[in-house]
file input02.tsv (TSV, C-alpha atoms)
chain	number	residue	atom	x	y	z
A	264	ALA	CA	-0.36	21.16	9.03
A	265	GLN	CA	-0.63	19.57	5.63
A	266	THR	CA	-3.91	19.42	3.77
A	267	VAL	CA	-5.08	17.66	0.62
A	268	THR	CA	-7.96	18.98	-1.46
A	269	GLN	CA	-9.88	17.21	-4.18
A	270	SER	CA	-12.37	19.69	-5.62
A	271	GLN	CA	-14.20	17.29	-7.94
A	272	PRO	CA	-16.62	15.11	-5.98
A	273	GLU	CA	-17.61	13.25	-9.13
A	274	MET	CA	-16.36	12.89	-12.69
A	275	SER	CA	-17.63	10.96	-15.70
A	276	VAL	CA	-15.73	9.69	-18.70
A	277	GLN	CA	-16.69	7.77	-21.79
A	278	GLU	CA	-15.08	4.39	-22.18
A	279	ALA	CA	-11.77	4.64	-24.10
A	280	GLU	CA	-11.55	8.37	-23.45
A	281	THR	CA	-9.14	10.26	-21.19
A	282	VAL	CA	-9.98	11.89	-17.88
A	283	THR	CA	-7.99	13.99	-15.44
A	284	LEU	CA	-8.64	14.08	-11.71
A	285	SER	CA	-7.41	17.09	-9.78
A	286	CYS	CA	-5.62	17.28	-6.45
A	287	THR	CA	-4.02	20.19	-4.67
A	288	TYR	CA	-2.18	20.14	-1.40
A	289	ASP	CA	-0.70	22.52	1.08
A	290	THR	CA	2.59	22.01	2.85
A	291	SER	CA	5.63	23.89	3.99
A	292	GLU	CA	7.82	20.84	3.56
A	293	SER	CA	10.17	20.40	0.64
A	294	ASP	CA	10.46	16.63	0.72
A	295	TYR	CA	7.38	14.45	0.67
A	296	TYR	CA	5.52	11.81	-1.30
A	297	LEU	CA	2.24	11.92	-3.14
A	298	PHE	CA	-0.03	9.03	-3.99
A	299	TRP	CA	-3.22	8.19	-5.83
A	300	TYR	CA	-5.31	5.36	-4.39
A	301	LYS	CA	-8.30	3.66	-5.98
A	302	GLN	CA	-11.23	2.29	-3.96
A	303	PRO	CA	-13.63	0.24	-6.10
A	304	PRO	CA	-17.17	-0.22	-4.78
A	305	SER	CA	-17.15	-2.58	-1.81
A	306	ARG	CA	-13.55	-3.52	-2.47
A	307	GLN	CA	-10.21	-2.78	-0.89
A	308	MET	CA	-8.23	0.35	-1.55
A	309	ILE	CA	-5.21	-0.14	-3.80
A	310	LEU	CA	-2.30	2.05	-4.81
A	311	VAL	CA	-2.47	3.43	-8.35
A	312	ILE	CA	0.62	5.57	-8.60
A	313	ARG	CA	3.12	7.47	-6.47
A	314	GLN	CA	5.43	10.44	-6.90
A	315	GLU	CA	8.48	11.58	-4.97
A	316	ALA	CA	8.55	15.35	-4.57
A	317	TYR	CA	12.26	15.56	-5.32
A	318	LYS	CA	11.75	13.99	-8.73
A	319	GLN	CA	10.83	16.37	-11.51
A	320	GLN	CA	9.82	13.58	-13.85
A	321	ASN	CA	6.16	12.73	-13.71
A	322	ALA	CA	5.35	9.16	-12.68
A	323	THR	CA	3.65	6.83	-15.15
A	324	GLU	CA	2.07	3.41	-14.64
A	325	ASN	CA	0.62	2.00	-17.83
A	326	ARG	CA	-2.56	4.01	-18.56
A	327	PHE	CA	-2.12	6.15	-15.45
A	328	SER	CA	0.11	9.19	-15.30
A	329	VAL	CA	0.43	12.23	-13.10
A	330	ASN	CA	1.06	15.90	-13.70
A	331	PHE	CA	3.11	17.01	-10.70
A	332	GLN	CA	3.53	20.75	-10.37
A	333	LYS	CA	5.53	21.29	-7.18
A	334	ALA	CA	5.46	25.06	-7.18
A	335	ALA	CA	1.72	25.10	-7.71
A	336	LYS	CA	1.27	22.23	-5.23
A	337	SER	CA	-0.80	20.37	-7.75
A	338	PHE	CA	-0.88	16.62	-8.39
A	339	SER	CA	-3.40	15.53	-11.00
A	340	LEU	CA	-4.06	12.00	-12.24
A	341	LYS	CA	-4.64	11.28	-15.91
A	342	ILE	CA	-6.32	8.05	-16.92
A	343	SER	CA	-6.00	7.23	-20.60
A	344	ASP	CA	-8.12	4.77	-22.55
A	345	SER	CA	-10.60	4.55	-19.67
A	346	GLN	CA	-12.06	1.14	-18.96
A	347	LEU	CA	-15.19	0.10	-17.11
A	348	GLY	CA	-13.00	-1.34	-14.37
A	349	ASP	CA	-11.61	2.12	-13.66
A	350	ALA	CA	-14.90	3.13	-12.07
A	351	ALA	CA	-14.12	3.79	-8.41
A	352	MET	CA	-13.40	6.41	-5.78
A	353	TYR	CA	-9.97	7.92	-6.26
A	354	PHE	CA	-8.12	9.41	-3.32
A	355	CYS	CA	-5.10	11.66	-3.42
A	356	ALA	CA	-2.76	11.25	-0.46
A	357	TYR	CA	0.24	13.03	1.02
A	358	ARG	CA	2.99	11.64	3.18
A	359	SER	CA	5.90	13.52	4.71
A	360	ALA	CA	9.43	12.30	4.26
A	361	GLU	CA	10.95	10.20	7.03
A	362	THR	CA	12.99	13.11	8.37
A	363	SER	CA	9.81	14.89	9.43
A	364	GLY	CA	9.21	12.42	12.24
A	365	THR	CA	5.65	11.69	11.18
A	366	TYR	CA	4.47	8.63	9.32
A	367	LYS	CA	0.87	9.39	8.69
A	368	TYR	CA	-0.81	9.67	5.34
A	369	ILE	CA	-3.23	12.52	4.71
A	370	PHE	CA	-6.01	11.74	2.28
A	371	GLY	CA	-8.30	13.99	0.29
A	372	THR	CA	-12.08	13.57	0.23
A	373	GLY	CA	-12.01	11.62	-2.99
A	374	THR	CA	-13.40	11.84	-6.51
A	375	ARG	CA	-15.95	9.33	-7.70
A	376	LEU	CA	-15.19	8.33	-11.27
A	377	LYS	CA	-17.96	6.94	-13.45
A	378	VAL	CA	-17.08	5.25	-16.71
A	379	LEU	CA	-19.82	5.29	-19.33
A	380	ALA	CA	-20.09	2.46	-21.84
B	232	ASP	CA	-4.86	-15.39	0.50
B	233	THR	CA	-1.95	-13.48	2.03
B	234	GLY	CA	-3.54	-10.04	2.00
B	235	VAL	CA	-4.55	-7.89	4.95
B	236	SER	CA	-7.56	-9.31	6.76
B	237	GLN	CA	-9.89	-7.62	9.23
B	238	ASN	CA	-12.46	-9.08	11.57
B	239	PRO	CA	-15.28	-8.69	12.02
B	240	ARG	CA	-16.38	-7.21	8.71
B	241	HIS	CA	-19.47	-5.70	10.29
B	242	LYS	CA	-20.29	-4.80	13.87
B	243	ILE	CA	-23.51	-3.40	15.23
B	244	THR	CA	-23.48	-2.30	18.83
B	245	LYS	CA	-25.45	-0.20	21.23
B	246	ARG	CA	-24.20	3.11	22.48
B	247	GLY	CA	-22.04	2.72	25.54
B	248	GLN	CA	-20.77	-0.76	24.68
B	249	ASN	CA	-17.13	-1.61	24.06
B	250	VAL	CA	-16.00	-3.07	20.74
B	251	THR	CA	-12.74	-4.57	19.54
B	252	PHE	CA	-11.55	-5.02	15.98
B	253	ARG	CA	-8.71	-7.16	14.75
B	254	CYS	CA	-6.32	-6.66	11.86
B	255	ASP	CA	-3.97	-9.30	10.50
B	256	PRO	CA	-1.36	-7.67	8.27
B	257	ILE	CA	0.67	-9.28	5.55
B	258	SER	CA	3.08	-11.46	7.49
B	259	GLU	CA	6.40	-9.79	6.71
B	260	HIS	CA	5.09	-6.24	6.98
B	261	ASN	CA	6.51	-4.26	9.89
B	262	ARG	CA	4.29	-1.21	9.56
B	263	LEU	CA	0.63	-1.14	10.45
B	264	TYR	CA	-1.84	1.72	10.19
B	265	TRP	CA	-5.39	2.24	11.42
B	266	TYR	CA	-7.74	4.66	9.67
B	267	ARG	CA	-11.34	5.71	10.06
B	268	GLN	CA	-13.45	6.47	7.02
B	269	THR	CA	-16.89	8.04	7.10
B	270	LEU	CA	-19.26	8.33	4.17
B	271	GLY	CA	-18.04	10.76	1.55
B	272	GLN	CA	-14.68	11.26	3.19
B	273	GLY	CA	-11.20	9.95	2.71
B	274	PRO	CA	-9.49	7.76	5.29
B	275	GLU	CA	-8.53	9.64	8.44
B	276	PHE	CA	-5.33	8.56	10.15
B	277	LEU	CA	-5.78	7.14	13.66
B	278	THR	CA	-2.54	5.48	14.64
B	279	TYR	CA	0.61	3.82	13.35
B	280	PHE	CA	2.80	0.93	14.54
B	281	GLN	CA	6.27	-0.06	13.54
B	282	ASN	CA	6.61	-3.62	14.72
B	283	GLU	CA	5.11	-3.61	18.25
B	284	ALA	CA	5.80	0.06	18.95
B	285	GLN	CA	2.98	2.56	18.58
B	286	LEU	CA	4.91	5.47	17.11
B	287	GLU	CA	2.16	7.90	16.32
B	288	LYS	CA	-1.39	8.57	17.38
B	289	SER	CA	-3.74	11.16	15.98
B	290	ARG	CA	-4.46	14.08	18.28
B	291	LEU	CA	-8.06	13.76	17.19
B	292	LEU	CA	-8.23	10.31	18.71
B	293	SER	CA	-10.30	10.19	21.86
B	294	ASP	CA	-9.04	8.48	25.00
B	295	ARG	CA	-11.80	5.95	24.40
B	296	PHE	CA	-9.74	4.52	21.54
B	297	SER	CA	-6.79	2.25	22.16
B	298	ALA	CA	-4.73	0.09	19.87
B	299	GLU	CA	-2.19	-2.63	20.42
B	300	ARG	CA	0.11	-4.73	18.33
B	301	PRO	CA	1.59	-7.39	20.59
B	302	LYS	CA	4.68	-9.09	19.20
B	303	GLY	CA	4.49	-6.98	16.09
B	304	SER	CA	2.01	-9.25	14.38
B	305	PHE	CA	-1.75	-8.70	14.45
B	306	SER	CA	-3.26	-5.54	15.87
B	307	THR	CA	-6.42	-4.74	17.79
B	308	LEU	CA	-8.35	-1.50	17.97
B	309	GLU	CA	-10.68	-1.09	20.92
B	310	ILE	CA	-13.34	1.56	21.33
B	311	GLN	CA	-14.75	1.96	24.80
B	312	ARG	CA	-18.15	3.45	25.61
B	313	THR	CA	-19.08	3.76	21.96
B	314	GLU	CA	-20.97	6.80	20.73
B	315	GLN	CA	-23.09	7.23	17.61
B	316	GLY	CA	-20.37	9.42	16.16
B	317	ASP	CA	-18.05	6.41	16.16
B	318	SER	CA	-20.09	4.83	13.37
B	319	ALA	CA	-17.70	4.51	10.45
B	320	MET	CA	-15.57	2.12	8.44
B	321	TYR	CA	-12.34	1.25	10.23
B	322	LEU	CA	-9.52	0.41	7.85
B	323	CYS	CA	-6.24	-1.29	8.53
B	324	ALA	CA	-3.23	-1.11	6.25
B	325	SER	CA	0.22	-2.67	6.41
B	326	SER	CA	3.44	-1.97	4.58
B	327	LEU	CA	7.07	-2.92	4.26
B	328	GLY	CA	9.21	-0.25	2.80
B	329	TRP	CA	10.69	3.16	3.13
B	330	GLY	CA	9.78	6.45	1.60
B	331	ALA	CA	8.16	6.17	-1.78
B	332	THR	CA	8.45	2.38	-1.68
B	333	ASP	CA	6.24	2.30	1.41
B	334	THR	CA	3.23	0.83	-0.35
B	335	GLN	CA	0.25	0.42	1.91
B	336	TYR	CA	-1.90	-2.64	1.45
B	337	PHE	CA	-5.37	-2.10	2.81
B	338	GLY	CA	-7.74	-4.57	4.39
B	339	PRO	CA	-11.46	-4.73	3.57
B	340	GLY	CA	-12.38	-2.76	6.68
B	341	THR	CA	-14.73	-3.23	9.60
B	342	ARG	CA	-17.97	-1.31	9.36
B	343	LEU	CA	-19.17	-0.19	12.79
B	344	THR	CA	-22.73	0.91	13.42
B	345	VAL	CA	-23.54	2.35	16.82
B	346	LEU	CA	-27.25	2.44	17.61
call {"tool": "encode", "arguments": {"input": "input02.tsv", "output": "structure tokens"}}
result
Amino acid sequence: AQTVTQSQPEMSVQEAETVTLSCTYDTSESDYYLFWYKQPPSRQMILVIRQEAYKQQNATENRFSVNFQKAAKSFSLKISDSQLGDAAMYFCAYRSAETSGTYKYIFGTGTRLKVLA
Amino acid sequence: DTGVSQNPRHKITKRGQNVTFRCDPISEHNRLYWYRQTLGQGPEFLTYFQNEAQLEKSRLLSDRFSAERPKGSFSTLEIQRTEQGDSAMYLCASSLGWGATDTQYFGPGTRLTVL
């Protein structure tokens, strides 16, 4: 079975600085997808960024980028130029490829990010 | 607002009672997911629908839980004979896509408290 581990329950970053959130996962599959979701306080969860395992190039979305290390089964999220609105819980998630026959997403326990003014 | 909606937003019930939650996905979305989230944890997968077909159900899901999606539109999640351990946030998400384009849009959740 696949597992997702986020070892940092909480992180803090100064406004305008850069922070990296860690995520590791375990799988025997070769094709899968990885995601970072953001859950602001009392607000709905939204997708931040996604990565296809078969792509070597790291995904980037504006100030958000990932460091995907497939062999190490590591998928970290880097937030540059942190803003107060980035404060939230961040969840790493894994999803198998369609050929696996399963459609479920597996989420980590989350990292609470605090942004200091 | 054409986002995912969930009702009720909060539900307080006594142990042993039945409860039903509703999720209205984004109208053109064919996929619908239910998750349970407890404090300090990430969402835990419960079940998944593609259109009206329930294609996957978590093995952790008790027989007291049942979900439906008649006509492939809204979905309901029913919990029978509630227990205190059922207290959690129940999240619904919908999507339209395939593979990496399968972006889930989450609803605000229904917070269940079982006394």
call {"tool": "interface_residues", "arguments": {"input": "input02.tsv", "of": "chain A", "to": "chain B", "cutoff": "9 Å", "atoms": "only C-alpha atoms", "output": "VMD selection string"}}
result
chain A and resid 272 295 to 298 305 to 310 313 to 315 354 to 355 358 to 361 365 to 373
call {"tool": "residues_around", "arguments": {"input": "input02.tsv", "residues": "A:Val378", "least_positions_apart": "6", "cutoff": "8 Å", "atoms": "all atoms listed in the file", "output": "list in words"}}
result
Ser275, Val276, Gln277, Glu278, Ser345, Gln346, Leu347, Asp349 and Ala350 of chain A
call {"tool": "write_last_selection", "arguments": {"input": "input02.tsv", "atoms": "C-alpha atoms", "output": "PDB file, keeping the file's coordinate frame"}}
result
ATOM      1  CA  SER A 275     -17.630  10.960 -15.700  1.00  0.00           C
ATOM      2  CA  VAL A 276     -15.730   9.690 -18.700  1.00  0.00           C
ATOM      3  CA  GLN A 277     -16.690   7.770 -21.790  1.00  0.00           C
ATOM      4  CA  GLU A 278     -15.080   4.390 -22.180  1.00  0.00           C
ATOM      5  CA  SER A 345     -10.600   4.550 -19.670  1.00  0.00           C
ATOM      6  CA  GLN A 346     -12.060   1.140 -18.960  1.00  0.00           C
ATOM      7  CA  LEU A 347     -15.190   0.100 -17.110  1.00  0.00           C
ATOM      8  CA  ASP A 349     -11.610   2.120 -13.660  1.00  0.00           C
ATOM      9  CA  ALA A 350     -14.900   3.130 -12.070  1.00  0.00           C
TER      10      ALA A 350
END
call {"tool": "residues_around", "arguments": {"input": "input02.tsv", "residues": "stretch 322-327 of chain A", "least_positions_apart": "6", "cutoff": "8 Å", "atoms": "only C-alpha atoms", "output": "mmCIF file with C-alpha atoms, in the coordinates of the input"}}
result
data_model
loop_
_atom_site.group_PDB
_atom_site.id
_atom_site.type_symbol
_atom_site.label_atom_id
_atom_site.label_comp_id
_atom_site.auth_asym_id
_atom_site.auth_seq_id
_atom_site.Cartn_x
_atom_site.Cartn_y
_atom_site.Cartn_z
ATOM 1 C CA VAL A 311 -2.470 3.430 -8.350
ATOM 2 C CA ILE A 312 0.620 5.570 -8.600
ATOM 3 C CA ARG A 313 3.120 7.470 -6.470
ATOM 4 C CA GLN A 314 5.430 10.440 -6.900
ATOM 5 C CA LEU A 340 -4.060 12.000 -12.240
ATOM 6 C CA LYS A 341 -4.640 11.280 -15.910
ATOM 7 C CA ILE A 342 -6.320 8.050 -16.920
ATOM 8 C CA SER A 343 -6.000 7.230 -20.600
ATOM 9 C CA ASP A 344 -8.120 4.770 -22.550
#
call {"tool": "atom_distance", "arguments": {"input": "input02.tsv", "atom1": "atom CA of B:Asn249", "atom2": "atom CA of B:Asn261"}}
result
27.7 Å
call {"tool": "residues_around", "arguments": {"input": "input02.tsv", "residues": "stretch 288-293 of chain A", "least_positions_apart": "5", "cutoff": "8 Å", "atoms": "all atoms listed in the file", "output": "PyMOL selection string"}}
result
chain A and resi 264-268+316-317+336-338+357+359
call {"tool": "closest_residue", "arguments": {"input": "input02.tsv", "among": "A:Asn321, A:Gly348, A:Pro304, A:Thr374", "to": "A:Lys333", "atoms": "all atoms listed in the file"}}
result
A:Asn321
call {"tool": "closest_residue", "arguments": {"input": "input02.tsv", "among": "B:Ala319, B:Phe252, B:Asn282, B:Ile243", "to": "B:Ser304", "atoms": "all atoms listed in the file"}}
result
B:Asn282
call {"tool": "closest_residue", "arguments": {"input": "input02.tsv", "among": "B:Met320, B:Arg300, B:Leu327, B:Val345", "to": "B:Arg240", "atoms": "only C-alpha atoms"}}
result
B:Met320
call {"tool": "atom_distance", "arguments": {"input": "input02.tsv", "atom1": "atom CA of B:Gly234", "atom2": "atom CA of B:Leu263"}}
result
13.0 Å
call {"tool": "closest_residue", "arguments": {"input": "input02.tsv", "among": "A:Ala335, A:Thr362, A:Tyr353, A:Lys377", "to": "A:Lys301", "atoms": "only C-alpha atoms"}}
result
A:Tyr353
call {"tool": "atom_distance", "arguments": {"input": "input02.tsv", "atom1": "atom CA of B:Pro256", "atom2": "atom CA of A:Ser363"}}
result
25.2 Å
